[in-house]
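Since the structure comes first, as structure tokens, the remarks are kept for the end.
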Amino acid sequence: MVKIRLKGLKETEEFGKKLGSILKGGDVLSLSGDLGAGKTTLTKSIGIGLGVEDYITSPTFTLINEYQGRVPLYHFDVYRLEGKEDLLDLGYEDYFYSNGVTIVEWGDRIEDILPEDRVNIEIEKTDQEDERIITISGQGKRYNEIVKELNIN
Amino acid sequence: MKVLGIDTSTMIATCALIEDGRVLGEFSLNQEMSHSENLVPMIKELLDSLNLKVADIDLYGVAIGPGSFTGLRIGIATAKAFAHVYDKPIVGISTLEGLAFNLTFSGIIVPMIDARRNRVYTGIYRWEKGRLINILAPTIMEIEELLELLNNYDHIMVNGNGTYIHRDRILEVLKDKVEFAPIGLNECRAISIAELSLLKKDEKRDYNYYTLVPEYLRESQAQRELKGKESGSR
């Protein structure tokens with residue numbers, strides 16, 4: 001598990017871009033954090049790092065948004081879903097196990113069906129405005145590679 | 001009688017036209033996340049090349065799963081729409097039976113479709129007197145569980161996209177008891193779906209373009225869990 005303190009929007013953006021530049025097709029990111037913590041904002045920066053030129057918007061109402069970058073980006077928001085059955089109906093496996101990068105907002109709500117080889121990112125607000133604490137965890141091979149490449153310390 | 005077969009259960013989108021015991025044409029593409037864009041143009045290309053029209057098709061055969069939820073819906077919705085417009089019969093065929101039907105083999109035939117997380121959709125089939133018999137009904141299984149079961153047989157042929165994902169493990173457990181299908185017969189083939197639908201059109205009369213639905217297989221698992229939750233909360 002790795003914790004990073006990001007002091008302000010600029011650092012958050014840079015972190016997102018760097019993470020996006022490291023990601024490869026097949027990677028799955030699960031984002032968690034309270035409403036307004038900045039899950040969609042972080043996804044926007046990750047998208048830039050992935051080479052997505054389209055404007056990334058929240059998928060809260062559409063459930064899935066798809067973008068084309070270096071590799072496809074599939075952006076999920078599972079906040080509105082009632083449970084696993086809804087995801088089955090969406091055909092989620094075609095995305096989670098695709099050649100694209102999948103980012104799932106509120107991924108902690110569907111942990112048992114996310115692939116084991118994934119990266120969990122928890123975003124917490126602090127008492128400082130625009131400051132965030134990011135906790136990165138995971139257990140798969142890609143988690144180790146990504147943390148190594150992020151070169152945090 | 002011209003039969004159009006369609007299978008979009010896996011990453012392969014495939015469509016084929018057969019008539020009176022011969023193949024008129026088949027078109028297959030193996031590409032991720034593209035069935036919704038490719039399938040209808042593929043059917044058009046196939047028909048155009050043969051100077052035929054959708055109205056010329058007498059029977060529709062479509063693979064109804066198990067497989068990719070989205071993929072199945074694309075194939076089935078397309079077949080149902082065409083059948084509806086021209087009021088033609090439609091027959092749903094198990095994707096696993098379609099795979100098994102690709103092969104002729106004296107032992108058991110075991111198609112495997114990747115169901116992720118080390119699981120496969122599978123079944124066991126055998127040819128008896130010119131008919132393909134289903135021995136183990138389509139199900140979802142851990143690959144290890146399936147291999148343990150298959151170890152009881154000594155003459156096995158496997159196909160489907162699960163076999164290249166788990167190839168090493170299959171060989172390790174089943175050794176010389178198992179044979180792999182040739183590449184051309186390893187994946188879903190619309191020709192098999194078309195022929196099976198022709199063979200089964202009389203026994204499957206209860207389906208039409210209104211009632212045909214996918215057989216996800218997984219849904220029953222979800223429903224079981226749902227039932228478990230409901231009974232637990234009472």
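If you're wondering about the labels, chains in the structure tokens are A, B, ... by order shown, residues count from 1 in each chain, ligands from 1 in order shown.
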
(message) as a PyMOL selection string, please: every residue in stretch 10-98 of chain B that a backbone DSSP assignment puts in alpha helix (DSSP H).
(response) chain B and resi 35-49+69-85+95-98

Counting only C-alpha atoms, which residues of stretch 36-95 of chain B fall within 9 Å of stretch 77-101 of chain A, and what is the closest atom pair for each with its distance in Å at one decimal, ordered by chain and rising number, as a tab-separated table?
```
residue	atom	partner	partner_atom	distance
B:Ser68	CA	A:Asp94	CA	6.8
B:Phe69	CA	A:Gly91	CA	5.1
B:Thr70	CA	A:Gly91	CA	5.4
B:Gly71	CA	A:Gly91	CA	8.6
```

Could you please take those selected residues and save N, CA and C atoms as a JSON list (two decimals), in the first residue's frame?
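In the end it all went to again22.json:
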```
[["chain", "number", "residue", "atom", "x", "y", "z"],
["B", 68, "SER", "N", -20.51, -13.94, -24.31],
["B", 68, "SER", "CA", -20.54, -12.52, -23.94],
["B", 68, "SER", "C", -21.97, -12.00, -23.96],
["B", 69, "PHE", "N", -22.40, -11.39, -22.85],
["B", 69, "PHE", "CA", -23.77, -10.90, -22.77],
["B", 69, "PHE", "C", -24.07, -9.93, -23.92],
["B", 70, "THR", "N", -23.18, -8.99, -24.11],
["B", 70, "THR", "CA", -23.40, -7.99, -25.15],
["B", 70, "THR", "C", -23.38, -8.65, -26.53],
["B", 71, "GLY", "N", -22.42, -9.52, -26.73],
["B", 71, "GLY", "CA", -22.30, -10.22, -28.02],
["B", 71, "GLY", "C", -23.57, -10.98, -28.36]]
```

(message) Here is a test: counting only C-alpha atoms, which residue of A:Ile113, A:Val71, A:Leu42, A:Leu35 is nearest to A:Phe15?
(response)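 Using only C-alpha atoms, A:Phe15 sits closest to A:Leu42.
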
(request) Find the spatial neighbours of A:Gly140, counting only C-alpha atoms, within a cut-off of 10 Å - ignore same-chain residues fewer than 3 positions away - and output them as a PyMOL selection string. (result) chain A and resi 115-119+137+143-145

Residues from the last selection, C-alpha atoms, saved as a PDB file, in the first residue's frame:
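Printed below is part.pdb as written:
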```
ATOM      1  CA  PRO A 115     -10.669  -8.651 -11.571  1.00  0.00           C
ATOM      2  CA  GLU A 116      -8.170  -9.559  -8.854  1.00  0.00           C
ATOM      3  CA  ASP A 117      -5.353  -8.040 -10.849  1.00  0.00           C
ATOM      4  CA  ARG A 118      -6.305  -4.410 -10.420  1.00  0.00           C
ATOM      5  CA  VAL A 119      -5.220  -1.167  -8.791  1.00  0.00           C
ATOM      6  CA  SER A 137      -3.313  -0.628  -3.109  1.00  0.00           C
ATOM      7  CA  TYR A 143      -0.144  -3.214  -9.244  1.00  0.00           C
ATOM      8  CA  ASN A 144       3.512  -3.845  -8.455  1.00  0.00           C
ATOM      9  CA  GLU A 145       4.653  -2.670 -11.873  1.00  0.00           C
TER      10      GLU A 145
END
```

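Distances here use only C-alpha atoms; by that measure, the residue among A:Gly51, A:Ile136, A:Leu6, A:Pro59 closest to A:Ile22 is A:Gly51.
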
(request) Identify, with DSSP run on backbone atoms, the residues in stretch 64-206 of chain B assigned to strand (DSSP E), and express the list as a PyMOL selection string. (result) chain B and resi 90-93+108-114+119-128+131-142+156-159+178-180

(request) Please identify all polymer residues within 9 Å of A:Leu23, counting only C-alpha atoms, omitting same-chain residues fewer than 2 positions from it, and present them as a PyMOL selection string. (result) chain A and resi 18-21+25-27+46+49-50+101+146

(request) Work out how far apart atom CA of B:Ile135 and atom CA of B:Gly107 are and give it in Å to one decimal. (result) 11.9 Å

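Near B:Ser34, within 10 Å and counting only C-alpha atoms, sit Met11, Ile12, Ala13 and Gly71 of chain B; same-chain residues fewer than 6 positions away were not included.
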
(message) Considering only C-alpha atoms, can you say which of A:Leu9, A:Pro72, A:Ile48, A:Lys17 comes closest to chain B?
(response)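 Counting only C-alpha atoms, the residue closest to chain B is A:Pro72.
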
(message) Env of B:Ile143: 10 Å cut, atoms = only C-alpha atoms, seq-sep filter 6 positions within chain, self excluded. Answer as an MDAnalysis selection string.
(response) chainID B and resid 112 114:115 117:122 149 162 166 169:170

Quick one: write out the picked residues with C-alpha atoms as a PDB file, in the first residue's frame?
```pdb
ATOM      1  CA  MET B 112     -14.778 -24.507 -23.630  1.00  0.00           C
ATOM      2  CA  ASP B 114     -13.701 -18.490 -21.550  1.00  0.00           C
ATOM      3  CA  ALA B 115     -15.927 -17.253 -18.718  1.00  0.00           C
ATOM      4  CA  ARG B 117     -11.519 -15.778 -13.641  1.00  0.00           C
ATOM      5  CA  ASN B 118     -10.374 -19.320 -14.469  1.00  0.00           C
ATOM      6  CA  ARG B 119     -13.867 -20.456 -15.350  1.00  0.00           C
ATOM      7  CA  VAL B 120     -15.222 -21.830 -18.606  1.00  0.00           C
ATOM      8  CA  TYR B 121     -18.636 -22.376 -20.083  1.00  0.00           C
ATOM      9  CA  THR B 122     -18.573 -25.987 -21.082  1.00  0.00           C
ATOM     10  CA  LEU B 149     -14.042 -34.492 -14.320  1.00  0.00           C
ATOM     11  CA  GLY B 162     -11.038 -21.449 -23.488  1.00  0.00           C
ATOM     12  CA  HIS B 166      -5.865 -22.875 -20.551  1.00  0.00           C
ATOM     13  CA  ARG B 169      -2.985 -26.653 -17.880  1.00  0.00           C
ATOM     14  CA  ILE B 170      -5.208 -28.897 -20.028  1.00  0.00           C
TER      15      ILE B 170
END
```

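If you count only C-alpha atoms and ignore residues fewer than 2 places along the chain from B:Ile109, what sits within 10 Å of it is Glu97, Leu99, Ala100, Phe101, Asn102, Leu103, Thr104, Phe105, Ser106, Gly107, Pro111, Met112, Gly123, Ile124, Tyr125, Arg126, Trp127, Leu132, Ile133, Asn134, Ile135, His155, Ile156, Met157, Val158, Asn159, Val178, Glu179 and Ala181 of chain B.
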
Could you write those residues out with C-alpha atoms, as a compact mmCIF listing (two decimals), in the first residue's frame?
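Output (out14.txt):
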```txt
# COMPACT_ATOMS: atom_id res chain seq x y z
CA GLU B 97 -23.42 -27.37 -29.18
CA LEU B 99 -18.74 -25.61 -31.20
CA ALA B 100 -19.03 -29.36 -30.60
CA PHE B 101 -20.77 -29.72 -33.97
CA ASN B 102 -17.65 -28.32 -35.66
CA LEU B 103 -15.85 -31.57 -34.83
CA THR B 104 -16.16 -35.19 -35.75
CA PHE B 105 -14.45 -37.36 -33.18
CA SER B 106 -15.02 -40.82 -31.78
CA GLY B 107 -14.45 -39.86 -28.13
CA PRO B 111 -16.07 -27.15 -26.03
CA MET B 112 -14.78 -24.51 -23.63
CA GLY B 123 -20.52 -29.15 -21.80
CA ILE B 124 -19.73 -32.67 -22.95
CA TYR B 125 -20.90 -34.05 -26.30
CA ARG B 126 -20.52 -37.29 -28.19
CA TRP B 127 -21.48 -38.47 -31.67
CA LEU B 132 -24.54 -35.22 -31.61
CA ILE B 133 -25.61 -36.21 -28.09
CA ASN B 134 -25.27 -33.94 -25.08
CA ILE B 135 -23.82 -35.79 -22.07
CA HIS B 155 -10.44 -39.99 -25.46
CA ILE B 156 -11.15 -36.28 -25.46
CA MET B 157 -11.14 -33.52 -28.05
CA VAL B 158 -11.46 -29.91 -26.93
CA ASN B 159 -12.16 -26.66 -28.76
CA VAL B 178 -6.65 -34.95 -24.96
CA GLU B 179 -6.48 -33.62 -28.50
CA ALA B 181 -9.09 -29.10 -32.51
```
